[in-house]
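What follows is start02.cif (mmCIF, C-alpha atoms).
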```cif
data_my_file
#
loop_
_atom_site.label_atom_id
_atom_site.label_comp_id
_atom_site.auth_asym_id
_atom_site.auth_seq_id
_atom_site.Cartn_x
_atom_site.Cartn_y
_atom_site.Cartn_z
CA MET A 26 0.92 34.52 -113.11
CA SER A 27 2.04 34.74 -116.71
CA GLY A 28 2.43 37.28 -119.48
CA ILE A 29 2.40 41.00 -118.80
CA VAL A 30 0.56 40.50 -115.49
CA LYS A 31 3.47 38.57 -113.99
CA SER A 32 5.76 40.55 -111.70
CA SER A 33 9.00 41.57 -113.41
CA PRO A 34 12.30 40.03 -112.27
CA ALA A 35 14.73 42.16 -110.27
CA THR A 36 17.53 43.80 -112.20
CA GLY A 37 20.95 44.72 -110.92
CA ALA A 38 20.69 47.63 -108.50
CA SER A 39 22.34 50.88 -109.49
CA ASN A 40 25.02 52.45 -107.37
CA TYR A 41 23.82 54.86 -104.74
CA GLY A 42 23.94 58.47 -105.79
CA ASP A 43 22.00 61.44 -107.03
CA SER A 44 20.52 59.51 -109.96
CA VAL A 45 19.01 56.90 -107.63
CA ASP A 46 17.60 59.60 -105.36
CA ALA A 47 16.11 61.44 -108.32
CA ARG A 48 14.57 58.29 -109.80
CA TYR A 49 13.14 57.29 -106.43
CA ARG A 50 11.58 60.69 -105.89
CA TYR A 51 10.19 60.76 -109.44
CA TRP A 52 8.55 57.34 -109.30
CA ARG A 53 7.27 57.67 -105.74
CA LEU A 54 5.43 60.85 -106.68
CA HIS A 55 4.02 59.49 -109.96
CA ILE A 56 3.03 56.15 -108.46
CA MET A 57 1.28 57.84 -105.53
CA LEU A 58 -0.68 60.23 -107.77
CA THR A 59 -1.69 57.50 -110.21
CA MET A 60 -2.61 55.05 -107.47
CA TYR A 61 -4.61 57.74 -105.63
CA VAL A 62 -6.71 58.62 -108.67
CA GLY A 63 -7.13 54.96 -109.59
CA TYR A 64 -8.39 53.89 -106.17
CA ALA A 65 -10.74 56.88 -105.98
CA VAL A 66 -12.27 55.80 -109.30
CA PHE A 67 -12.78 52.27 -107.94
CA TYR A 68 -15.22 53.97 -105.56
CA PHE A 69 -16.96 55.60 -108.55
CA THR A 70 -17.99 52.15 -109.76
CA ARG A 71 -18.92 50.86 -106.30
CA LYS A 72 -20.70 53.64 -104.39
CA ASN A 73 -22.73 54.78 -107.41
CA PHE A 74 -25.18 51.98 -106.59
CA ASN A 75 -26.11 53.60 -103.23
CA TYR A 76 -27.07 56.90 -104.83
CA ALA A 77 -28.88 55.49 -107.86
CA MET A 78 -30.81 53.00 -105.71
CA PRO A 79 -33.92 55.13 -104.85
CA THR A 80 -34.63 55.80 -108.53
CA MET A 81 -33.92 52.16 -109.44
CA LEU A 82 -36.53 50.99 -106.91
CA VAL A 83 -39.23 53.02 -108.64
CA ASP A 84 -38.14 52.51 -112.24
CA LEU A 85 -37.60 48.75 -112.07
CA GLY A 86 -40.23 47.88 -109.47
CA LEU A 87 -37.70 46.42 -107.04
CA ASP A 88 -38.18 46.28 -103.27
CA LYS A 89 -35.82 46.81 -100.36
CA ALA A 90 -35.26 43.07 -99.92
CA ASP A 91 -33.93 42.83 -103.50
CA ILE A 92 -31.53 45.71 -102.88
CA GLY A 93 -30.49 44.24 -99.53
CA LEU A 94 -29.71 40.89 -101.13
CA MET A 95 -27.60 42.58 -103.81
CA GLY A 96 -25.69 44.43 -101.11
CA THR A 97 -25.05 41.27 -99.10
CA LEU A 98 -23.84 39.35 -102.15
CA PHE A 99 -21.58 42.28 -103.03
CA TYR A 100 -19.93 42.38 -99.59
CA ILE A 101 -19.36 38.61 -99.46
CA THR A 102 -17.93 38.45 -102.98
CA TYR A 103 -15.79 41.54 -102.47
CA GLY A 104 -14.30 40.17 -99.25
CA ALA A 105 -13.46 36.82 -100.87
CA SER A 106 -11.95 38.59 -103.87
CA LYS A 107 -9.71 40.77 -101.69
CA PHE A 108 -8.12 37.67 -100.17
CA LEU A 109 -7.81 35.55 -103.30
CA SER A 110 -6.65 38.42 -105.49
CA GLY A 111 -4.26 39.42 -102.71
CA VAL A 112 -2.53 36.04 -102.94
CA ILE A 113 -2.30 36.42 -106.73
CA SER A 114 -1.24 40.07 -106.69
CA ASP A 115 1.83 39.28 -104.57
CA ARG A 116 3.25 37.58 -107.68
CA SER A 117 1.84 40.05 -110.18
CA ASN A 118 2.79 43.40 -111.65
CA PRO A 119 0.62 45.99 -109.84
CA ARG A 120 0.32 48.27 -112.89
CA PHE A 121 -1.51 45.65 -114.94
CA PHE A 122 -3.31 43.86 -112.11
CA MET A 123 -4.88 47.06 -110.80
CA GLY A 124 -5.36 48.61 -114.24
CA ILE A 125 -7.10 45.57 -115.74
CA GLY A 126 -9.26 45.25 -112.62
CA LEU A 127 -10.42 48.87 -112.92
CA MET A 128 -11.16 48.52 -116.62
CA ALA A 129 -13.12 45.33 -115.93
CA THR A 130 -15.25 46.96 -113.23
CA GLY A 131 -15.87 49.82 -115.67
CA VAL A 132 -17.13 47.44 -118.35
CA VAL A 133 -19.38 45.69 -115.82
CA ASN A 134 -20.86 49.03 -114.73
CA ILE A 135 -21.62 49.95 -118.34
CA MET A 136 -23.39 46.62 -118.82
CA PHE A 137 -25.26 47.17 -115.53
CA GLY A 138 -26.60 50.43 -116.92
CA PHE A 139 -28.34 48.53 -119.73
CA ALA A 140 -29.72 45.69 -117.56
CA ASP A 141 -33.37 45.29 -116.55
CA SER A 142 -34.04 41.92 -114.88
CA LEU A 143 -33.24 41.38 -111.20
CA TRP A 144 -31.14 38.28 -111.78
CA TRP A 145 -29.12 39.99 -114.49
CA LEU A 146 -28.54 42.95 -112.17
CA MET A 147 -27.46 40.63 -109.34
CA THR A 148 -25.09 38.69 -111.58
CA LEU A 149 -23.42 41.85 -112.85
CA TRP A 150 -23.13 43.35 -109.37
CA VAL A 151 -21.44 40.18 -108.07
CA CYS A 152 -19.01 40.38 -111.02
CA ASN A 153 -18.38 44.01 -110.12
CA ALA A 154 -17.60 43.00 -106.53
CA TRP A 155 -15.07 40.46 -107.78
CA PHE A 156 -13.13 42.99 -109.86
CA GLN A 157 -13.44 45.62 -107.12
CA GLY A 158 -11.27 43.28 -105.04
CA TRP A 159 -8.41 43.86 -107.50
CA GLY A 160 -7.87 47.42 -106.27
CA TRP A 161 -6.61 47.19 -102.69
CA PRO A 162 -3.91 44.44 -102.84
CA PRO A 163 -1.75 46.06 -105.57
CA CYS A 164 -1.89 49.35 -103.66
CA SER A 165 -0.74 47.70 -100.43
CA LYS A 166 2.12 46.07 -102.33
CA LEU A 167 3.21 49.40 -103.81
CA MET A 168 2.93 51.18 -100.46
CA THR A 169 5.16 48.62 -98.74
CA THR A 170 7.79 48.45 -101.49
CA TRP A 171 8.13 52.17 -102.29
CA TYR A 172 7.73 53.64 -98.77
CA SER A 173 9.67 52.48 -95.70
CA ARG A 174 8.46 51.71 -92.19
CA SER A 175 9.42 55.02 -90.57
CA GLU A 176 7.51 57.12 -93.15
CA ARG A 177 4.84 54.73 -94.38
CA GLY A 178 2.14 55.82 -91.95
CA PHE A 179 2.07 59.34 -93.39
CA TRP A 180 2.09 58.26 -97.04
CA TRP A 181 -0.39 55.41 -96.48
CA SER A 182 -2.75 57.85 -94.75
CA ILE A 183 -2.59 60.19 -97.75
CA TRP A 184 -3.38 57.35 -100.15
CA ASN A 185 -6.15 56.10 -97.82
CA THR A 186 -8.06 59.37 -98.26
CA ALA A 187 -8.64 58.39 -101.91
CA HIS A 188 -11.77 56.50 -100.96
CA ASN A 189 -13.07 59.53 -99.01
CA VAL A 190 -12.53 61.66 -102.13
CA GLY A 191 -14.12 59.08 -104.41
CA GLY A 192 -16.98 58.56 -101.96
CA ALA A 193 -17.59 62.31 -101.75
CA LEU A 194 -17.50 63.00 -105.51
CA ILE A 195 -19.63 60.13 -106.77
CA PRO A 196 -22.94 61.27 -105.17
CA LEU A 197 -22.54 64.62 -106.92
CA LEU A 198 -21.99 62.94 -110.29
CA VAL A 199 -24.69 60.29 -109.89
CA GLY A 200 -27.13 62.79 -108.38
CA TYR A 201 -26.73 65.14 -111.35
CA LEU A 202 -27.04 62.36 -113.94
CA THR A 203 -30.03 60.77 -112.21
CA LEU A 204 -31.84 64.07 -111.71
CA HIS A 205 -31.35 65.37 -115.24
CA TYR A 206 -31.14 62.16 -117.28
CA SER A 207 -31.43 58.59 -115.93
CA TRP A 208 -30.10 56.35 -113.18
CA ARG A 209 -28.60 54.24 -115.97
CA LEU A 210 -26.12 57.01 -116.80
CA GLY A 211 -25.11 56.85 -113.13
CA PHE A 212 -23.46 53.53 -114.04
CA ILE A 213 -22.52 54.07 -117.68
CA VAL A 214 -20.61 57.34 -117.17
CA PRO A 215 -18.58 56.18 -114.11
CA GLY A 216 -17.93 52.93 -115.99
CA GLY A 217 -16.50 54.84 -118.94
CA ILE A 218 -14.31 56.90 -116.59
CA ALA A 219 -13.04 53.68 -114.99
CA VAL A 220 -12.05 52.20 -118.35
CA VAL A 221 -10.03 55.31 -119.23
CA ILE A 222 -8.33 55.58 -115.82
CA GLY A 223 -7.62 51.84 -115.85
CA ALA A 224 -5.65 52.33 -119.06
CA VAL A 225 -3.75 55.17 -117.38
CA LEU A 226 -2.84 52.83 -114.50
CA CYS A 227 -1.41 50.30 -116.95
CA TRP A 228 0.65 53.11 -118.46
CA ARG A 229 1.92 54.99 -115.40
CA LEU A 230 2.22 52.52 -112.52
CA ARG A 231 5.36 50.43 -112.00
CA ASP A 232 6.39 47.29 -110.13
CA LYS A 233 8.80 47.11 -107.17
CA PRO A 234 11.90 49.37 -107.11
CA VAL A 235 14.24 46.42 -107.71
CA THR A 236 12.56 45.78 -111.07
CA LEU A 237 13.73 49.24 -112.16
CA GLY A 238 17.32 48.70 -111.09
CA LEU A 239 16.87 50.55 -107.81
CA PRO A 240 17.81 49.37 -104.31
CA THR A 241 15.05 48.32 -101.93
CA VAL A 242 13.40 51.15 -100.04
CA GLY A 243 14.97 49.94 -96.80
CA GLU A 244 18.44 50.15 -98.31
CA TRP A 245 17.73 53.51 -99.90
CA ARG A 246 16.44 55.11 -96.71
CA ARG A 247 18.66 53.04 -94.37
CA ASP A 248 15.57 52.28 -92.29
CA ARG A 249 16.43 49.68 -89.63
CA LEU A 250 12.88 48.37 -89.13
CA GLU A 251 12.33 48.18 -92.89
CA LEU A 252 15.61 46.29 -93.44
CA THR A 253 14.59 43.80 -90.74
CA HIS A 254 11.27 43.29 -92.49
CA GLU A 255 12.94 42.80 -95.88
CA ARG A 256 15.28 40.13 -94.51
CA GLU A 257 12.63 38.27 -92.54
CA GLY A 258 11.85 34.77 -93.86
CA PHE A 259 14.40 34.94 -96.69
CA GLY A 260 14.48 31.79 -98.84
CA LEU A 261 10.96 30.51 -98.08
CA ASN A 262 8.70 29.50 -100.96
CA THR A 263 5.25 30.96 -101.54
CA ARG A 264 3.31 28.25 -99.71
CA GLU A 265 5.58 28.43 -96.67
CA ILE A 266 5.35 32.22 -96.59
CA ILE A 267 1.53 32.24 -96.68
CA ARG A 268 1.27 29.50 -94.07
CA LYS A 269 3.76 31.03 -91.62
CA TYR A 270 3.14 34.74 -92.09
CA VAL A 271 -0.59 34.79 -92.84
CA LEU A 272 -2.61 31.69 -91.94
CA THR A 273 -0.80 30.81 -88.68
CA ASN A 274 0.26 34.32 -87.71
CA LYS A 275 -1.52 35.16 -84.43
CA TYR A 276 -1.20 38.89 -85.03
CA ILE A 277 -2.90 38.62 -88.42
CA TRP A 278 -5.82 36.82 -86.77
CA LEU A 279 -6.12 39.49 -84.06
CA LEU A 280 -6.11 42.18 -86.74
CA ALA A 281 -8.72 40.26 -88.74
CA PHE A 282 -11.13 40.01 -85.80
CA SER A 283 -10.52 43.69 -85.01
CA TYR A 284 -11.35 44.55 -88.61
CA VAL A 285 -14.71 42.76 -88.34
CA LEU A 286 -15.72 45.07 -85.51
CA VAL A 287 -14.30 48.23 -87.10
CA TYR A 288 -16.40 47.57 -90.19
CA VAL A 289 -19.47 46.81 -88.09
CA VAL A 290 -19.22 50.34 -86.65
CA ARG A 291 -18.20 51.99 -89.91
CA THR A 292 -20.90 50.36 -92.03
CA ALA A 293 -23.60 50.75 -89.38
CA ILE A 294 -23.02 54.51 -89.08
CA ASN A 295 -22.60 54.97 -92.83
CA ASP A 296 -25.65 52.92 -93.86
CA TRP A 297 -28.07 53.66 -91.01
CA GLY A 298 -26.96 57.10 -89.83
CA ASN A 299 -29.26 59.20 -91.99
CA LEU A 300 -32.22 56.96 -91.08
CA TYR A 301 -31.43 57.47 -87.38
CA LEU A 302 -31.39 61.24 -87.80
CA SER A 303 -34.60 61.34 -89.83
CA GLU A 304 -36.58 58.67 -87.98
CA GLN A 305 -35.39 59.11 -84.40
CA GLN A 306 -34.35 62.75 -84.30
CA GLY A 307 -36.89 64.14 -86.76
CA TYR A 308 -34.52 65.85 -89.22
CA GLY A 309 -35.24 66.09 -92.95
CA LEU A 310 -33.33 64.04 -95.50
CA ILE A 311 -31.16 66.97 -96.60
CA GLN A 312 -30.14 67.80 -93.02
CA ALA A 313 -29.53 64.13 -92.25
CA ASN A 314 -27.30 63.71 -95.29
CA MET A 315 -25.43 66.91 -94.41
CA ALA A 316 -24.66 65.55 -90.94
CA LEU A 317 -23.68 62.17 -92.34
CA SER A 318 -21.32 63.81 -94.83
CA LEU A 319 -19.26 64.96 -91.84
CA PHE A 320 -18.60 61.27 -91.14
CA GLU A 321 -16.51 61.14 -94.34
CA VAL A 322 -14.89 64.50 -93.57
CA GLY A 323 -13.91 63.22 -90.14
CA GLY A 324 -12.55 60.07 -91.74
CA PHE A 325 -10.39 62.12 -94.10
CA VAL A 326 -8.84 64.07 -91.22
CA GLY A 327 -8.59 61.05 -88.92
CA SER A 328 -6.70 58.97 -91.47
CA LEU A 329 -4.08 61.67 -91.88
CA VAL A 330 -3.67 62.17 -88.12
CA ALA A 331 -3.46 58.41 -87.45
CA GLY A 332 -0.81 57.81 -90.10
CA TRP A 333 1.27 60.86 -89.18
CA GLY A 334 1.02 60.11 -85.47
CA SER A 335 2.07 56.48 -85.81
CA ASP A 336 5.23 57.63 -87.64
CA ARG A 337 6.19 60.71 -85.64
CA LEU A 338 5.00 59.79 -82.14
CA PHE A 339 5.61 56.03 -82.09
CA GLY A 340 8.40 55.46 -84.62
CA GLY A 341 6.37 53.35 -87.05
CA ASN A 342 4.67 51.22 -84.37
CA ARG A 343 0.97 51.22 -85.31
CA GLY A 344 -0.20 49.62 -82.04
CA PRO A 345 -0.41 52.61 -79.68
CA MET A 346 -2.20 54.82 -82.19
CA ASN A 347 -4.63 51.99 -82.97
CA VAL A 348 -5.51 51.65 -79.28
CA ILE A 349 -5.93 55.42 -78.83
CA PHE A 350 -8.27 55.60 -81.81
CA ALA A 351 -10.21 52.52 -80.62
CA ILE A 352 -10.91 54.30 -77.32
CA GLY A 353 -12.01 57.33 -79.34
CA ILE A 354 -14.48 55.17 -81.33
CA PHE A 355 -16.10 53.95 -78.11
CA LEU A 356 -16.39 57.42 -76.58
CA SER A 357 -17.75 58.94 -79.84
CA VAL A 358 -20.40 56.24 -80.29
CA ALA A 359 -21.40 56.60 -76.62
CA ALA A 360 -21.72 60.37 -77.07
CA LEU A 361 -23.91 59.95 -80.17
CA TRP A 362 -26.15 57.56 -78.24
CA LEU A 363 -26.31 59.07 -74.74
CA MET A 364 -25.79 62.79 -75.31
CA PRO A 365 -28.65 64.51 -73.40
CA VAL A 366 -28.83 67.51 -75.75
CA LYS A 367 -29.73 66.46 -79.30
CA SER A 368 -29.00 69.65 -81.23
CA PHE A 369 -28.12 69.35 -84.91
CA ALA A 370 -24.68 70.88 -84.36
CA LEU A 371 -23.79 68.41 -81.59
CA LEU A 372 -25.11 65.42 -83.54
CA SER A 373 -23.11 66.52 -86.58
CA GLY A 374 -20.04 66.85 -84.38
CA CYS A 375 -20.58 63.31 -83.13
CA PHE A 376 -20.73 61.98 -86.69
CA PHE A 377 -17.50 63.83 -87.46
CA SER A 378 -15.89 62.37 -84.33
CA VAL A 379 -16.97 58.80 -85.09
CA GLY A 380 -15.60 59.15 -88.63
CA PHE A 381 -12.36 60.65 -87.32
CA PHE A 382 -11.70 57.76 -84.96
CA VAL A 383 -13.09 54.85 -86.99
CA PHE A 384 -11.09 55.60 -90.15
CA GLY A 385 -7.83 55.61 -88.17
CA PRO A 386 -7.98 51.86 -87.35
CA GLN A 387 -9.62 51.21 -90.73
CA MET A 388 -6.35 52.37 -92.28
CA LEU A 389 -3.84 51.32 -89.61
CA ILE A 390 -5.10 47.74 -89.28
CA GLY A 391 -4.50 47.14 -93.00
CA MET A 392 -1.05 48.69 -92.71
CA ALA A 393 -0.25 46.68 -89.57
CA ALA A 394 -1.25 43.47 -91.39
CA ALA A 395 1.22 44.30 -94.17
CA GLU A 396 3.98 44.99 -91.64
CA CYS A 397 3.30 41.91 -89.49
CA SER A 398 3.53 39.68 -92.55
CA HIS A 399 6.29 38.74 -94.98
CA LYS A 400 7.41 41.27 -97.57
CA ASP A 401 6.21 38.88 -100.32
CA SER A 402 2.80 38.21 -98.76
CA VAL A 403 1.56 41.76 -98.26
CA GLY A 404 -1.35 41.31 -100.67
CA ALA A 405 -2.37 38.01 -99.07
CA ALA A 406 -2.16 39.44 -95.55
CA THR A 407 -4.12 42.61 -96.30
CA GLY A 408 -6.58 40.64 -98.41
CA PHE A 409 -7.07 38.13 -95.60
CA VAL A 410 -7.96 40.79 -93.00
CA GLY A 411 -10.02 42.54 -95.69
CA LEU A 412 -12.09 39.36 -96.07
CA PHE A 413 -12.96 39.59 -92.37
CA ALA A 414 -13.64 43.33 -92.67
CA TYR A 415 -16.42 42.75 -95.16
CA MET A 416 -17.87 40.02 -93.01
CA GLY A 417 -18.30 42.83 -90.49
CA ALA A 418 -19.86 45.01 -93.18
CA ALA A 419 -22.33 42.21 -93.96
CA LEU A 420 -23.20 41.89 -90.25
CA ALA A 421 -24.09 45.59 -90.20
CA GLY A 422 -26.71 44.98 -92.87
CA TYR A 423 -29.48 42.42 -92.52
CA PRO A 424 -28.43 41.03 -89.07
CA LEU A 425 -28.29 44.51 -87.56
CA ALA A 426 -31.66 45.28 -89.17
CA LEU A 427 -33.13 42.30 -87.27
CA VAL A 428 -31.68 43.64 -84.01
CA MET A 429 -33.30 47.01 -84.73
CA GLU A 430 -36.62 45.34 -85.52
CA TYR A 431 -36.81 43.80 -82.05
CA PHE A 432 -34.79 46.23 -79.92
CA HIS A 433 -35.09 49.45 -81.96
CA TRP A 434 -32.35 52.07 -81.86
CA THR A 435 -31.29 51.04 -78.36
CA GLY A 436 -30.28 47.66 -79.76
CA PHE A 437 -28.45 49.37 -82.62
CA PHE A 438 -26.30 51.43 -80.26
CA VAL A 439 -25.69 48.56 -77.84
CA VAL A 440 -24.30 46.46 -80.70
CA ILE A 441 -21.95 49.10 -82.08
CA SER A 442 -20.89 50.23 -78.59
CA VAL A 443 -19.90 46.68 -77.64
CA ALA A 444 -18.11 46.31 -80.98
CA ALA A 445 -16.21 49.57 -80.35
CA GLY A 446 -15.15 48.44 -76.87
CA VAL A 447 -13.90 45.04 -78.01
CA ILE A 448 -11.81 46.63 -80.79
CA GLY A 449 -9.56 48.22 -78.16
CA LEU A 450 -9.14 44.95 -76.26
CA LEU A 451 -8.15 43.04 -79.39
CA LEU A 452 -5.58 45.68 -80.32
CA LEU A 453 -3.85 45.82 -76.91
CA PRO A 454 -1.23 43.15 -77.85
CA PHE A 455 0.02 45.48 -80.61
CA LEU A 456 1.34 48.02 -78.13
CA LYS A 457 4.58 46.03 -78.25
CA ALA A 458 4.14 43.57 -81.13
CA GLN A 459 5.25 45.82 -83.97
CA ALA A 460 8.29 47.10 -82.15
CA ALA A 461 9.83 43.67 -82.76
CA PRO A 462 10.91 42.27 -86.14
CA ALA A 463 7.99 41.29 -88.35
CA GLY A 464 6.70 37.76 -87.89
CA VAL A 465 8.32 37.34 -84.47
#
```

Would you mind writing the file out in structure tokens?
Amino acid sequence: MSGIVKSSPATGASNYGDSVDARYRYWRLHIMLTMYVGYAVFYFTRKNFNYAMPTMLVDLGLDKADIGLMGTLFYITYGASKFLSGVISDRSNPRFFMGIGLMATGVVNIMFGFADSLWWLMTLWVCNAWFQGWGWPPCSKLMTTWYSRSERGFWWSIWNTAHNVGGALIPLLVGYLTLHYSWRLGFIVPGGIAVVIGAVLCWRLRDKPVTLGLPTVGEWRRDRLELTHEREGFGLNTREIIRKYVLTNKYIWLLAFSYVLVYVVRTAINDWGNLYLSEQQGYGLIQANMALSLFEVGGFVGSLVAGWGSDRLFGGNRGPMNVIFAIGIFLSVAALWLMPVKSFALLSGCFFSVGFFVFGPQMLIGMAAAECSHKDSVGAATGFVGLFAYMGAALAGYPLALVMEYFHWTGFFVVISVAAGVIGLLLLPFLKAQAAPAGV
């Protein structure tokens, strides 16, 4: 990395005292608020496609196969970008890396709003996926350098709700623009918002505390687990860190395979849920979407409970809470499938429950990857498991559609039930793993 994007060097730490406490509190609050808004807006320029799609099909004469191919290419590119940009972001300044990425995805969305040909649309959407991958790694770096192990679950869970907020607001914006004007404004307006907020990120975000003359967060909070993590692997170069703490780290691989299955369940329910309610249960589109919206509401609540619980109940060990939530995923999916009474209220409750339990591991697995890795490979570790996550998302698309073609909704629920059950088995080793020093 070079220029303004390169991470700043550490400066001499100030003496402990009220000024350090005040500066820490000030920057933690401002970084959290800025990062929260920024990541929510990343979803403005990603999820807008889902809600503009029906009008695009009619206006441009596209078919479902074209849209499906665009979605598959997006997931594959986004997953690869999360890993590669994660490696780069570990050596970069988060304020510029994340800010430039958001501005770039905004520009791509604006261009998408003026495109007509299928190949031009596909090319732009792949470019969008690449810059979308610049959002998560800088956030994971900031969360692990400004918040310590014993409190991180709570703060990470708050930040993690940004995508629920962004995902909930964008259909309202795109729906209004599409209904009253054109689907094209559903890309141009969110793109313009992204450019503006990206500039705000470059202005208000900061790098690690040590670049501002502050002590590390472990030293500031005197957090034993955090201090152990900060000292782990001291003196290793970048290649050695990535090899030891990411590529050959057995816990990272377990988390990666778990993430595949979490995203199979999450994407399957999110993408196919309203079709299940309308086709299999006979509900109208409005009712189906109302029930599916509770999936995001459940995810919002579940993320907060999972993060808070892993801090307060298990002292920063993410393993037990991950296993509890994995069991909850299995039971919730089974209830949605096998519940003898199919009332709208009960089905809506099941969607809320699945969202509640699936978004816990969705957040905690990323956090566990950061904490099982080296302090200077957080972006690479979270990007690596993120790559696997979006492989799972891709599996919930066309491959799951083939299963449904031959085995109908029974096949759909068998697949996601098996996935939910295996998640818990893969996460069992973490009941004790994170109680030990990172990387051990």

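When all atoms listed in the file are used to compute distances to Ala444 in chain A, the closest of the residues A:Lys400, A:Ile354, A:Val428, A:Leu239 turns out to be A:Ile354.
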
*For the point (-34.9, 60.4, -103.2) in the file's frame, write as number ranges by chain all residues with an atom no more than 12 Å away, counting all atoms listed in the file.*
A: 75-83, 200, 203-204, 208, 309-311, 314

The PyMOL selection byres ((chain A and resi 281-298) around 6) - which residues does that actually catch in the file I just gave you? List them as a list in words.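 This file gives the following for the PyMOL selection byres ((chain A and resi 281-298) around 6): Trp278, Leu279, Leu280, Asn299, Leu300, Tyr301, Val410, Phe413, Ala414, Gly417, Ala418, Ala421, Ile441, Ala444 and Ile448 of chain A.
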
Keeping C-alpha atoms, export the residues of the selection given above as an mmCIF file, in the frame of the given file.
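Here's the written file result.cif:
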```cif
data_model
loop_
_atom_site.group_PDB
_atom_site.id
_atom_site.type_symbol
_atom_site.label_atom_id
_atom_site.label_comp_id
_atom_site.auth_asym_id
_atom_site.auth_seq_id
_atom_site.Cartn_x
_atom_site.Cartn_y
_atom_site.Cartn_z
ATOM 1 C CA TRP A 278 -5.820 36.820 -86.770
ATOM 2 C CA LEU A 279 -6.120 39.490 -84.060
ATOM 3 C CA LEU A 280 -6.110 42.180 -86.740
ATOM 4 C CA ASN A 299 -29.260 59.200 -91.990
ATOM 5 C CA LEU A 300 -32.220 56.960 -91.080
ATOM 6 C CA TYR A 301 -31.430 57.470 -87.380
ATOM 7 C CA VAL A 410 -7.960 40.790 -93.000
ATOM 8 C CA PHE A 413 -12.960 39.590 -92.370
ATOM 9 C CA ALA A 414 -13.640 43.330 -92.670
ATOM 10 C CA GLY A 417 -18.300 42.830 -90.490
ATOM 11 C CA ALA A 418 -19.860 45.010 -93.180
ATOM 12 C CA ALA A 421 -24.090 45.590 -90.200
ATOM 13 C CA ILE A 441 -21.950 49.100 -82.080
ATOM 14 C CA ALA A 444 -18.110 46.310 -80.980
ATOM 15 C CA ILE A 448 -11.810 46.630 -80.790
#
```

Shortest contact to Arg246 in chain A, candidates A:Val66, A:Leu146, A:Ser175, A:Ser44, atoms counted all atoms listed in the file, goes to A:Ser175

- Please identify all polymer residues within 9 Å of range 225-235 of chain A, counting only C-alpha atoms, omitting same-chain residues fewer than 2 positions from it, and present them as a ChimeraX atom specification. /A:32-38,49,52,55-57,59-60,63,117-125,127,166-167,170-171,220-223,237-242

How would the residues just chosen look if you wrote them out with C-alpha atoms as a JSON list (two decimals), keeping the file's coordinate frame?
```json
[["chain", "number", "residue", "atom", "x", "y", "z"],
["A", 32, "SER", "CA", 5.76, 40.55, -111.70],
["A", 33, "SER", "CA", 9.00, 41.57, -113.41],
["A", 34, "PRO", "CA", 12.30, 40.03, -112.27],
["A", 35, "ALA", "CA", 14.73, 42.16, -110.27],
["A", 36, "THR", "CA", 17.53, 43.80, -112.20],
["A", 37, "GLY", "CA", 20.95, 44.72, -110.92],
["A", 38, "ALA", "CA", 20.69, 47.63, -108.50],
["A", 49, "TYR", "CA", 13.14, 57.29, -106.43],
["A", 52, "TRP", "CA", 8.55, 57.34, -109.30],
["A", 55, "HIS", "CA", 4.02, 59.49, -109.96],
["A", 56, "ILE", "CA", 3.03, 56.15, -108.46],
["A", 57, "MET", "CA", 1.28, 57.84, -105.53],
["A", 59, "THR", "CA", -1.69, 57.50, -110.21],
["A", 60, "MET", "CA", -2.61, 55.05, -107.47],
["A", 63, "GLY", "CA", -7.13, 54.96, -109.59],
["A", 117, "SER", "CA", 1.84, 40.05, -110.18],
["A", 118, "ASN", "CA", 2.79, 43.40, -111.65],
["A", 119, "PRO", "CA", 0.62, 45.99, -109.84],
["A", 120, "ARG", "CA", 0.32, 48.27, -112.89],
["A", 121, "PHE", "CA", -1.51, 45.65, -114.94],
["A", 122, "PHE", "CA", -3.31, 43.86, -112.11],
["A", 123, "MET", "CA", -4.88, 47.06, -110.80],
["A", 124, "GLY", "CA", -5.36, 48.61, -114.24],
["A", 125, "ILE", "CA", -7.10, 45.57, -115.74],
["A", 127, "LEU", "CA", -10.42, 48.87, -112.92],
["A", 166, "LYS", "CA", 2.12, 46.07, -102.33],
["A", 167, "LEU", "CA", 3.21, 49.40, -103.81],
["A", 170, "THR", "CA", 7.79, 48.45, -101.49],
["A", 171, "TRP", "CA", 8.13, 52.17, -102.29],
["A", 220, "VAL", "CA", -12.05, 52.20, -118.35],
["A", 221, "VAL", "CA", -10.03, 55.31, -119.23],
["A", 222, "ILE", "CA", -8.33, 55.58, -115.82],
["A", 223, "GLY", "CA", -7.62, 51.84, -115.85],
["A", 237, "LEU", "CA", 13.73, 49.24, -112.16],
["A", 238, "GLY", "CA", 17.32, 48.70, -111.09],
["A", 239, "LEU", "CA", 16.87, 50.55, -107.81],
["A", 240, "PRO", "CA", 17.81, 49.37, -104.31],
["A", 241, "THR", "CA", 15.05, 48.32, -101.93],
["A", 242, "VAL", "CA", 13.40, 51.15, -100.04]]
```
